[in-house]
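Dropping structure36.tsv in here (TSV, C-alpha atoms):
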```tsv
chain	number	residue	atom	x	y	z
Q	275	LEU	CA	79.47	115.97	106.09
Q	276	ARG	CA	82.46	114.25	107.64
Q	277	VAL	CA	82.82	112.57	111.02
Q	278	THR	CA	86.36	112.58	112.37
Q	279	ASP	CA	88.22	111.76	115.55
Q	280	SER	CA	89.36	115.01	117.10
Q	281	ARG	CA	92.34	113.23	118.68
Q	282	SER	CA	93.85	112.16	115.33
Q	283	ARG	CA	95.95	114.53	113.26
Q	284	GLY	CA	95.39	113.03	109.84
Q	285	GLY	CA	91.62	112.76	109.81
Q	286	GLY	CA	89.69	109.52	109.52
Q	287	LEU	CA	88.64	107.46	112.52
Q	288	GLY	CA	91.51	107.36	114.98
Q	289	LEU	CA	91.60	105.95	118.53
Q	290	ALA	CA	92.03	108.09	121.60
Q	291	ARG	CA	94.67	106.92	124.05
Q	292	GLU	CA	92.28	106.96	127.00
Q	293	GLY	CA	89.79	104.78	125.16
Q	294	VAL	CA	87.43	107.63	124.26
Q	295	ARG	CA	86.71	108.89	120.76
Q	296	PHE	CA	85.68	112.48	120.29
Q	297	PHE	CA	83.79	112.89	117.04
Q	298	THR	CA	82.96	116.22	115.47
Q	299	VAL	CA	80.61	117.04	112.63
Q	300	GLU	CA	82.62	119.31	110.34
Q	301	SER	CA	81.61	121.86	107.75
Q	302	ARG	CA	83.33	122.52	104.44
Q	303	GLU	CA	85.33	125.24	106.17
Q	304	GLY	CA	86.74	122.81	108.72
Q	305	ALA	CA	87.05	119.71	106.57
Q	306	ASP	CA	90.78	120.09	105.92
Q	307	ARG	CA	91.89	121.18	109.36
Q	308	ASN	CA	94.00	118.90	111.52
Q	309	MET	CA	92.92	118.51	115.15
Q	310	ALA	CA	96.00	119.01	117.29
Q	311	ASP	CA	94.89	117.56	120.63
Q	312	ILE	CA	92.03	117.24	123.06
Q	313	SER	CA	92.26	120.87	124.16
Q	314	GLU	CA	91.26	121.94	120.66
Q	315	ALA	CA	88.51	119.32	120.54
Q	316	ALA	CA	87.16	120.71	123.80
Q	317	ALA	CA	86.36	123.95	121.95
Q	318	HIS	CA	83.60	122.11	120.09
Q	319	PRO	CA	80.28	122.24	121.95
Q	320	PRO	CA	78.55	119.01	122.97
Q	321	LEU	CA	75.89	118.03	120.47
Q	322	ARG	CA	72.58	119.62	121.38
Q	323	HIS	CA	69.64	117.26	121.65
Q	324	MET	CA	66.42	118.92	120.52
Q	325	PRO	CA	63.37	118.58	122.81
Q	326	VAL	CA	61.28	115.50	122.03
Q	327	ALA	CA	57.48	115.32	122.00
Q	328	ALA	CA	56.80	111.57	122.25
Q	329	SER	CA	53.57	109.63	121.95
Q	330	VAL	CA	52.07	107.97	125.03
Q	331	HIS	CA	49.79	104.94	124.58
Q	332	ARG	CA	49.84	105.66	120.83
Q	333	ASN	CA	48.58	109.22	121.22
Q	334	LEU	CA	50.44	112.46	120.62
Q	335	HIS	CA	49.09	116.01	120.58
Q	336	ALA	CA	51.84	118.44	119.57
Q	337	GLU	CA	51.82	122.19	119.05
Q	338	LEU	CA	54.05	123.87	116.51
Q	339	ARG	CA	53.95	127.62	116.97
Q	340	VAL	CA	55.53	129.60	114.13
Q	341	LYS	CA	57.26	132.65	115.52
Q	342	VAL	CA	60.31	134.85	114.98
Q	343	GLY	CA	63.35	133.80	116.99
Q	344	ARG	CA	66.83	135.22	117.43
Q	345	VAL	CA	69.45	132.62	116.42
Q	346	CYS	CA	73.21	132.75	117.02
Q	347	VAL	CA	75.54	130.32	115.29
Q	348	ALA	CA	79.34	130.36	114.86
Q	349	HIS	CA	81.72	133.29	114.24
Q	350	GLY	CA	79.46	135.56	116.31
Q	351	ILE	CA	76.78	135.51	113.60
Q	352	CYS	CA	73.24	136.18	114.85
Q	353	PHE	CA	70.03	136.79	112.95
Q	354	ASN	CA	66.25	136.79	113.22
Q	355	THR	CA	64.40	133.99	111.46
Q	356	ARG	CA	61.10	132.13	111.40
Q	357	THR	CA	61.10	129.14	113.75
Q	358	TYR	CA	58.96	126.41	115.25
Q	359	ASN	CA	58.41	127.12	118.96
Q	360	GLY	CA	61.34	129.55	118.96
Q	361	MET	CA	63.81	126.70	118.27
Q	362	PHE	CA	66.42	126.29	115.54
Q	363	PRO	CA	65.70	123.61	114.32
Q	364	GLY	CA	62.27	122.60	115.60
Q	365	PRO	CA	61.50	119.95	118.23
Q	366	THR	CA	61.61	116.24	117.43
Q	367	LEU	CA	58.26	114.47	117.14
Q	368	GLN	CA	58.46	110.78	118.10
Q	369	VAL	CA	55.68	108.24	117.58
Q	370	ARG	CA	55.00	104.51	117.28
Q	371	PRO	CA	53.15	102.77	114.43
Q	372	GLY	CA	49.40	103.18	114.94
Q	373	THR	CA	49.75	106.47	116.81
Q	374	ASN	CA	46.89	108.97	116.65
Q	375	LEU	CA	48.77	112.19	115.95
Q	376	THR	CA	47.39	115.71	116.19
Q	377	VAL	CA	49.56	118.70	115.31
Q	378	ASP	CA	48.24	122.19	115.94
Q	379	LEU	CA	50.07	124.60	113.64
Q	380	ILE	CA	49.71	128.14	114.99
Q	381	ASN	CA	51.02	131.11	113.02
Q	382	ASP	CA	52.26	133.87	115.33
Q	383	LEU	CA	54.15	135.75	112.61
Q	384	GLY	CA	53.44	139.36	111.77
Q	385	PRO	CA	51.19	140.36	108.88
Q	386	ASN	CA	52.20	139.93	105.27
Q	387	LYS	CA	53.04	143.15	103.51
Q	388	THR	CA	50.85	142.49	100.49
Q	389	PRO	CA	47.25	141.29	100.83
Q	390	ILE	CA	46.61	138.20	98.74
Q	391	SER	CA	44.19	138.54	95.84
Q	392	SER	CA	41.39	136.09	95.12
Q	393	ASN	CA	42.98	134.98	91.84
Q	394	GLN	CA	46.53	134.58	93.16
Q	395	THR	CA	47.83	131.02	92.73
Q	396	SER	CA	51.24	131.43	94.39
Q	397	TYR	CA	51.98	132.71	97.87
Q	398	ALA	CA	55.42	134.04	96.90
Q	399	ALA	CA	54.39	137.49	98.14
Q	400	GLN	CA	53.08	135.99	101.39
Q	401	PRO	CA	56.26	134.91	103.21
Q	402	ASN	CA	54.56	134.94	106.61
Q	403	SER	CA	51.87	132.47	105.54
Q	404	THR	CA	52.72	128.80	106.00
Q	405	ASN	CA	51.54	125.21	106.33
Q	406	LEU	CA	53.05	121.83	107.26
Q	407	HIS	CA	54.25	118.64	105.56
Q	408	ILE	CA	55.63	115.49	107.19
Q	409	HIS	CA	58.09	114.30	104.57
Q	410	GLY	CA	57.72	110.57	103.91
Q	411	ILE	CA	54.58	109.92	105.93
Q	412	ARG	CA	52.03	107.45	104.54
Q	413	ALA	CA	48.98	109.72	104.58
Q	414	SER	CA	46.51	111.19	102.13
Q	415	PRO	CA	46.54	114.90	101.21
Q	416	ARG	CA	43.37	115.19	103.27
Q	417	HIS	CA	45.49	114.61	106.37
Q	418	ASP	CA	48.91	115.84	105.26
Q	419	ASN	CA	47.39	118.93	103.68
Q	420	THR	CA	50.01	120.96	101.81
Q	421	PHE	CA	47.38	122.98	99.94
Q	422	VAL	CA	45.99	124.87	102.90
Q	423	ALA	CA	47.46	128.33	103.62
Q	424	VAL	CA	47.72	129.39	107.27
Q	425	PRO	CA	47.99	133.19	107.37
Q	426	PRO	CA	49.46	135.17	110.28
Q	427	GLY	CA	47.21	135.08	113.34
Q	428	ASP	CA	45.52	131.85	112.25
Q	429	GLY	CA	46.00	128.14	112.90
Q	430	TYR	CA	45.27	124.73	111.44
Q	431	ARG	CA	44.91	121.29	113.02
Q	432	TYR	CA	46.57	118.36	111.24
Q	433	THR	CA	45.41	114.86	112.18
Q	434	TYR	CA	47.14	111.61	111.24
Q	435	ILE	CA	47.04	107.93	112.06
Q	436	VAL	CA	50.59	106.62	111.68
Q	437	ASN	CA	50.29	103.57	109.45
Q	438	ASN	CA	50.55	100.30	111.40
Q	439	GLN	CA	52.80	98.86	108.70
Q	440	THR	CA	55.33	101.65	109.17
Q	441	GLY	CA	58.40	100.20	110.80
Q	442	SER	CA	61.13	102.16	112.52
Q	443	SER	CA	61.66	105.14	110.25
Q	444	LEU	CA	63.28	108.53	110.09
Q	445	LEU	CA	61.10	111.24	108.55
Q	446	TRP	CA	61.09	115.00	108.95
Q	447	TYR	CA	58.61	117.85	108.85
Q	448	HIS	CA	58.86	121.30	107.31
Q	449	ALA	CA	56.94	124.24	105.88
Q	450	HIS	CA	55.46	123.46	102.46
Q	451	LEU	CA	53.40	126.40	101.20
Q	452	GLU	CA	53.98	127.07	97.52
Q	453	GLY	CA	56.10	130.16	97.03
Q	454	THR	CA	57.35	130.38	100.62
Q	455	SER	CA	58.48	126.88	101.57
Q	456	SER	CA	62.07	127.14	100.31
Q	457	MET	CA	62.73	130.40	102.15
Q	458	GLN	CA	61.08	129.21	105.38
Q	459	LEU	CA	62.94	125.89	105.26
Q	460	TYR	CA	66.25	127.65	104.59
Q	461	GLY	CA	65.64	129.83	107.62
Q	462	GLY	CA	65.23	126.81	109.88
Q	463	MET	CA	61.57	125.75	109.81
Q	464	ALA	CA	62.19	122.00	109.99
Q	465	GLY	CA	62.34	119.22	112.55
Q	466	ALA	CA	62.85	115.46	112.83
Q	467	PHE	CA	59.96	113.00	112.88
Q	468	VAL	CA	60.95	109.62	114.32
Q	469	VAL	CA	58.86	106.44	114.13
Q	470	LYS	CA	59.95	103.71	116.57
Q	471	ASP	CA	58.69	100.16	116.20
Q	472	ASN	CA	59.42	98.39	119.48
Q	473	ALA	CA	60.03	94.98	117.91
Q	474	GLN	CA	62.50	96.35	115.37
Q	475	GLU	CA	64.23	98.59	117.89
Q	476	ASN	CA	64.79	95.66	120.28
Q	477	ALA	CA	65.87	93.30	117.51
Q	478	TYR	CA	68.44	95.55	115.84
Q	479	PHE	CA	69.32	98.48	118.10
Q	480	LYS	CA	68.80	97.31	121.66
Q	481	ASP	CA	70.92	99.32	124.12
Q	482	TRP	CA	72.50	101.39	121.35
Q	483	PRO	CA	72.99	105.08	122.15
Q	484	GLU	CA	71.49	107.27	119.46
Q	485	ALA	CA	71.28	110.88	118.41
Q	486	VAL	CA	69.01	112.73	116.02
Q	487	VAL	CA	71.18	115.14	114.02
Q	488	LEU	CA	69.23	117.43	111.71
Q	489	VAL	CA	71.57	118.85	109.08
Q	490	GLN	CA	71.21	122.38	107.72
Q	491	GLN	CA	73.54	124.63	105.78
Q	492	LEU	CA	73.71	128.40	105.54
Q	493	VAL	CA	75.76	130.50	103.16
Q	494	PHE	CA	77.31	133.82	104.16
Q	495	ASP	CA	79.07	134.51	100.87
Q	496	PRO	CA	77.31	137.61	99.45
Q	497	LEU	CA	78.14	136.51	95.90
Q	498	HIS	CA	76.45	133.11	96.23
Q	499	ALA	CA	72.88	132.56	95.03
Q	500	SER	CA	71.96	131.13	98.44
Q	501	TYR	CA	73.54	133.91	100.51
Q	502	PHE	CA	71.46	134.13	103.70
Q	503	GLY	CA	70.65	137.82	103.38
Q	504	LYS	CA	69.57	137.44	99.75
Q	505	TYR	CA	67.69	134.15	100.06
Q	506	MET	CA	65.77	135.38	103.09
Q	507	GLN	CA	65.26	138.81	101.46
Q	508	CYS	CA	66.79	140.45	104.51
Q	509	ASP	CA	67.87	144.02	105.02
Q	510	GLU	CA	71.58	143.67	105.71
Q	511	GLY	CA	72.03	147.23	106.86
Q	512	PRO	CA	74.96	149.51	106.09
Q	513	PRO	CA	78.44	148.51	104.82
Q	514	PRO	CA	80.76	146.57	105.19
Q	515	HIS	CA	78.22	144.35	103.42
Q	516	PRO	CA	79.12	144.72	99.73
Q	517	HIS	CA	75.63	143.98	98.41
Q	518	PRO	CA	72.89	145.31	100.71
Q	519	VAL	CA	69.58	143.63	99.96
Q	520	PRO	CA	66.25	145.37	100.61
Q	521	ILE	CA	63.66	143.62	102.74
Q	522	GLY	CA	61.22	143.51	99.82
Q	523	ASN	CA	58.30	141.22	100.57
Q	524	SER	CA	60.00	139.19	103.30
Q	525	ALA	CA	58.09	140.94	106.12
Q	526	LEU	CA	61.02	140.07	108.37
Q	527	ASP	CA	63.96	142.21	109.42
Q	528	CYS	CA	66.64	139.56	109.88
Q	529	ALA	CA	68.95	142.03	111.69
Q	530	ILE	CA	72.04	140.05	110.71
Q	531	GLU	CA	75.09	140.50	112.92
Q	532	ASN	CA	78.37	139.28	111.43
Q	533	PRO	CA	81.15	140.89	113.48
Q	534	SER	CA	83.87	138.70	111.96
Q	535	ASN	CA	82.72	139.35	108.37
Q	536	PHE	CA	82.58	135.59	107.79
Q	537	THR	CA	81.89	134.85	104.11
Q	538	GLY	CA	81.91	131.05	103.98
Q	539	TRP	CA	79.47	128.16	104.08
Q	540	MET	CA	78.31	126.86	107.46
Q	541	LEU	CA	77.15	123.27	107.96
Q	542	LEU	CA	75.00	123.00	111.08
Q	543	ALA	CA	74.04	119.95	113.13
Q	544	ASN	CA	71.01	120.65	115.33
Q	545	GLY	CA	71.73	124.32	114.77
Q	546	GLN	CA	75.35	124.02	115.95
Q	547	PHE	CA	78.65	124.44	114.15
Q	548	GLU	CA	80.97	121.42	114.52
Q	549	PRO	CA	79.42	119.92	117.67
Q	550	GLN	CA	81.04	116.98	119.42
Q	551	VAL	CA	79.79	113.55	120.48
Q	552	GLU	CA	81.75	111.57	123.05
Q	553	LEU	CA	81.88	107.77	122.75
Q	554	VAL	CA	83.64	104.95	124.54
Q	555	GLU	CA	86.18	103.14	122.37
Q	556	ASP	CA	84.60	100.54	120.04
Q	557	GLN	CA	81.11	101.72	120.96
Q	558	LEU	CA	78.53	101.92	118.18
Q	559	ILE	CA	76.16	104.85	117.94
Q	560	ARG	CA	73.07	105.22	115.81
Q	561	LEU	CA	72.89	108.61	114.14
Q	562	ARG	CA	69.59	109.67	112.58
Q	563	LEU	CA	70.50	112.28	109.96
Q	564	PRO	CA	67.65	114.17	108.26
Q	565	ASN	CA	68.93	116.44	105.47
Q	566	ALA	CA	66.94	119.65	105.91
Q	567	MET	CA	69.00	121.87	103.62
Q	568	SER	CA	67.36	124.30	101.23
Q	569	GLY	CA	68.54	126.72	98.59
Q	570	SER	CA	71.12	126.00	95.88
Q	571	LEU	CA	73.13	123.77	98.17
Q	572	ASN	CA	74.88	120.44	97.81
Q	573	LEU	CA	77.27	118.78	100.19
Q	574	PRO	CA	80.80	118.47	98.79
Q	575	PRO	CA	81.91	114.97	97.76
Q	576	PRO	CA	84.07	113.13	100.31
Q	577	PRO	CA	87.83	113.69	99.93
```

This structure in structure tokens:
Amino acid sequence: LRVTDSRSRGGGLGLAREGVRFFTVESREGADRNMADISEAAAHPPLRHMPVAASVHRNLHAELRVKVGRVCVAHGICFNTRTYNGMFPGPTLQVRPGTNLTVDLINDLGPNKTPISSNQTSYAAQPNSTNLHIHGIRASPRHDNTFVAVPPGDGYRYTYIVNNQTGSSLLWYHAHLEGTSSMQLYGGMAGAFVVKDNAQENAYFKDWPEAVVLVQQLVFDPLHASYFGKYMQCDEGPPPHPHPVPIGNSALDCAIENPSNFTGWMLLANGQFEPQVELVEDQLIRLRLPNAMSGSLNLPPPP
């Protein structure tokens, strides 16, 4: 992940002549490109801000509905995937310390292909079953229950009391059912979970602009272990795909469209490829960056 000034040719943090810096979040594919001028920077979309469900008077009742959504990213690539509330990534949940939090997880996915047996200990063959985990929350397994399995057509209510000693924190939530969590997370089932302590926010970040930027990465190289079609067990359809992959147990036809035959890695920020944030010169911004990548993926080291 690299943040650069789109007005500077050599990379790094340059200054725009009009006193505005245009920052882009770049993927590995774009890390070595030089940005010629503002007209090229304008091709980058403004950073998308995911919808926020925020607590009121220390109470929040949120609904996360797991459903199939059609997602389009860069290079004309579109695909079907499992989502929260039809979003890629999911909505941001925002609370204060001491909040009474209720999350209704509702599974609207289609049926699994293989019925689960009574002695089965892994849900690897049940890719449309799911559950929820808030990564980093101070809660017992009784509340943050990662052992429950929520099958298609069913739901589960999670209840938490956000610990009063939790200061301003950046957490994130994602699917966590054994055998399916990696695939569901890779496909986009994740979202930011922000804890805001008023005293700390006012003391350290008063009047700062901020953005939550959830980072994901997808691979469209058919030879890579984390190739999207393979990792999601999708049916890629006919050639030109060199290695068609059967649907198998995925219970999801991803219906991948790749008109440009892109075969690289794609780093996404809030589901976007190289989005742009506009800042006034010398202005500080607070970026909250949850790493929600899955698969055999690691960010490259900085140049």

Interatomic distance (Å, one decimal) between CA of Asn402 in chain Q and CA of Gly503 in chain Q |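 Between CA of Asn402 in chain Q and CA of Gly503 in chain Q the gap is 16.7 Å.
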
CA of Ser456 in chain Q to CA of Thr366 in chain Q, straight-line distance in Å | 20.3 Å

Interatomic distance, CA of Trp539 in chain Q to CA of Arg322 in chain Q (Å, one decimal) =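 Between CA of Trp539 in chain Q and CA of Arg322 in chain Q the gap works out to 20.5 Å.
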
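Proximity to Ala485 in chain Q was assessed for Q:Met457, Q:Met463, Q:Leu558, Q:Val340 counting all atoms listed in the file; the smallest distance is recorded for Q:Leu558.
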
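Residue nearest His318 in chain Q within the list Q:Asp428, Q:Glu337, Q:Glu555, Q:Glu548: Q:Glu548 [criterion: smallest interatomic distance, only C-alpha atoms].
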
Contacts of Leu367 in chain Q at 10 Å (all atoms listed in the file; same-chain gap of 4+ positions) as a PyMOL selection string = chain Q and resi 324-329+334-336+375+377+445-447+465-469

Determine, counting all atoms listed in the file, which protein, DNA and RNA residues have an atom within 12 Å of an atom of Ser442 in chain Q; residues of the same chain fewer than 2 positions away are not included. Present the result as a list in words.
->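 Using all atoms listed in the file, the neighbours found are Gln368, Val369, Arg370, Pro371, Val436, Asn437, Asn438, Gln439, Thr440, Leu444, Leu445, Phe467, Val468, Val469, Lys470, Asp471, Asn472, Ala473, Gln474, Glu475, Asn476, Ala477, Tyr478, Phe479 and Arg562 of chain Q.
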
Excluding same-chain residues fewer than 2 positions from Thr404 in chain Q, what lies within 8 Å of it counting all atoms listed in the file, as a list in words?
->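 My list of contacting residues is Asn381, Pro401, Asn402, Leu406, Ala423, Val424, Pro425, Ala449, His450, Leu451, Thr454 and Ser455 of chain Q.
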
What would the file look like if the residues just selected were written as an mmCIF file, keeping the file's coordinate frame with C-alpha atoms?
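Output below, filename out15.cif:
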```
data_model
loop_
_atom_site.group_PDB
_atom_site.id
_atom_site.type_symbol
_atom_site.label_atom_id
_atom_site.label_comp_id
_atom_site.auth_asym_id
_atom_site.auth_seq_id
_atom_site.Cartn_x
_atom_site.Cartn_y
_atom_site.Cartn_z
ATOM 1 C CA ASN Q 381 51.020 131.110 113.020
ATOM 2 C CA PRO Q 401 56.260 134.910 103.210
ATOM 3 C CA ASN Q 402 54.560 134.940 106.610
ATOM 4 C CA LEU Q 406 53.050 121.830 107.260
ATOM 5 C CA ALA Q 423 47.460 128.330 103.620
ATOM 6 C CA VAL Q 424 47.720 129.390 107.270
ATOM 7 C CA PRO Q 425 47.990 133.190 107.370
ATOM 8 C CA ALA Q 449 56.940 124.240 105.880
ATOM 9 C CA HIS Q 450 55.460 123.460 102.460
ATOM 10 C CA LEU Q 451 53.400 126.400 101.200
ATOM 11 C CA THR Q 454 57.350 130.380 100.620
ATOM 12 C CA SER Q 455 58.480 126.880 101.570
#
```

The residue from Q:Arg339, Q:Val330, Q:Cys352, Q:Pro320 with the smallest atom-to-atom distance to Pro533 in chain Q, counting only C-alpha atoms, is Q:Cys352

Nearest to Val486 in chain Q by atom-to-atom distance, counting all atoms listed in the file, from Q:His498, Q:His417, Q:Arg560, Q:His407 =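 Closest to Val486 in chain Q, using all atoms listed in the file: Q:Arg560.
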
Atom completion result for range 426-446 of chain Q (N, CA, C and O atoms) as a compact mmCIF listing (two decimals), in the frame of the given file:
```
# COMPACT_ATOMS: atom_id res chain seq x y z
N PRO Q 426 49.10 134.69 108.95
CA PRO Q 426 49.46 135.17 110.28
C PRO Q 426 48.21 135.36 111.15
O PRO Q 426 47.17 135.83 110.68
N GLY Q 427 48.32 134.96 112.41
CA GLY Q 427 47.21 135.08 113.34
C GLY Q 427 46.22 133.95 113.28
O GLY Q 427 45.23 133.94 114.02
N ASP Q 428 46.45 132.97 112.43
CA ASP Q 428 45.52 131.85 112.25
C ASP Q 428 46.20 130.54 112.64
O ASP Q 428 47.39 130.51 112.97
N GLY Q 429 45.46 129.45 112.58
CA GLY Q 429 46.00 128.14 112.90
C GLY Q 429 45.28 127.07 112.12
O GLY Q 429 44.25 127.32 111.48
N TYR Q 430 45.86 125.86 112.15
CA TYR Q 430 45.27 124.73 111.44
C TYR Q 430 45.63 123.46 112.19
O TYR Q 430 46.77 123.29 112.64
N ARG Q 431 44.67 122.56 112.33
CA ARG Q 431 44.91 121.29 113.02
C ARG Q 431 45.11 120.17 112.00
O ARG Q 431 44.24 119.89 111.18
N TYR Q 432 46.26 119.53 112.07
CA TYR Q 432 46.57 118.36 111.24
C TYR Q 432 46.33 117.10 112.07
O TYR Q 432 46.76 117.02 113.23
N THR Q 433 45.66 116.12 111.48
CA THR Q 433 45.41 114.86 112.18
C THR Q 433 45.90 113.70 111.31
O THR Q 433 45.67 113.67 110.10
N TYR Q 434 46.59 112.76 111.94
CA TYR Q 434 47.14 111.61 111.24
C TYR Q 434 46.90 110.35 112.08
O TYR Q 434 46.80 110.42 113.31
N ILE Q 435 46.88 109.22 111.41
CA ILE Q 435 47.04 107.93 112.06
C ILE Q 435 48.28 107.31 111.43
O ILE Q 435 48.29 107.01 110.23
N VAL Q 436 49.34 107.17 112.21
CA VAL Q 436 50.59 106.62 111.68
C VAL Q 436 50.35 105.18 111.27
O VAL Q 436 49.93 104.35 112.08
N ASN Q 437 50.62 104.87 110.01
CA ASN Q 437 50.29 103.57 109.45
C ASN Q 437 50.89 102.44 110.27
O ASN Q 437 52.08 102.47 110.62
N ASN Q 438 50.08 101.42 110.59
CA ASN Q 438 50.55 100.30 111.40
C ASN Q 438 51.66 99.52 110.73
O ASN Q 438 52.42 98.81 111.41
N GLN Q 439 51.76 99.59 109.41
CA GLN Q 439 52.80 98.86 108.70
C GLN Q 439 54.10 99.65 108.62
O GLN Q 439 55.09 99.16 108.06
N THR Q 440 54.11 100.85 109.15
CA THR Q 440 55.33 101.65 109.17
C THR Q 440 56.26 101.10 110.24
O THR Q 440 55.93 101.07 111.42
N GLY Q 441 57.41 100.66 109.83
CA GLY Q 441 58.40 100.20 110.80
C GLY Q 441 59.18 101.38 111.35
O GLY Q 441 58.80 102.55 111.19
N SER Q 442 60.27 101.09 112.04
CA SER Q 442 61.13 102.16 112.52
C SER Q 442 61.62 102.99 111.34
O SER Q 442 62.18 102.45 110.38
N SER Q 443 61.38 104.28 111.40
CA SER Q 443 61.66 105.14 110.25
C SER Q 443 62.13 106.50 110.72
O SER Q 443 61.80 106.95 111.82
N LEU Q 444 62.87 107.15 109.86
CA LEU Q 444 63.28 108.53 110.09
C LEU Q 444 62.65 109.40 109.02
O LEU Q 444 62.96 109.28 107.83
N LEU Q 445 61.73 110.27 109.44
CA LEU Q 445 61.10 111.24 108.55
C LEU Q 445 61.47 112.63 109.05
O LEU Q 445 62.23 112.79 109.99
N TRP Q 446 60.90 113.65 108.44
CA TRP Q 446 61.09 115.00 108.95
C TRP Q 446 59.94 115.87 108.49
O TRP Q 446 59.23 115.54 107.55
```
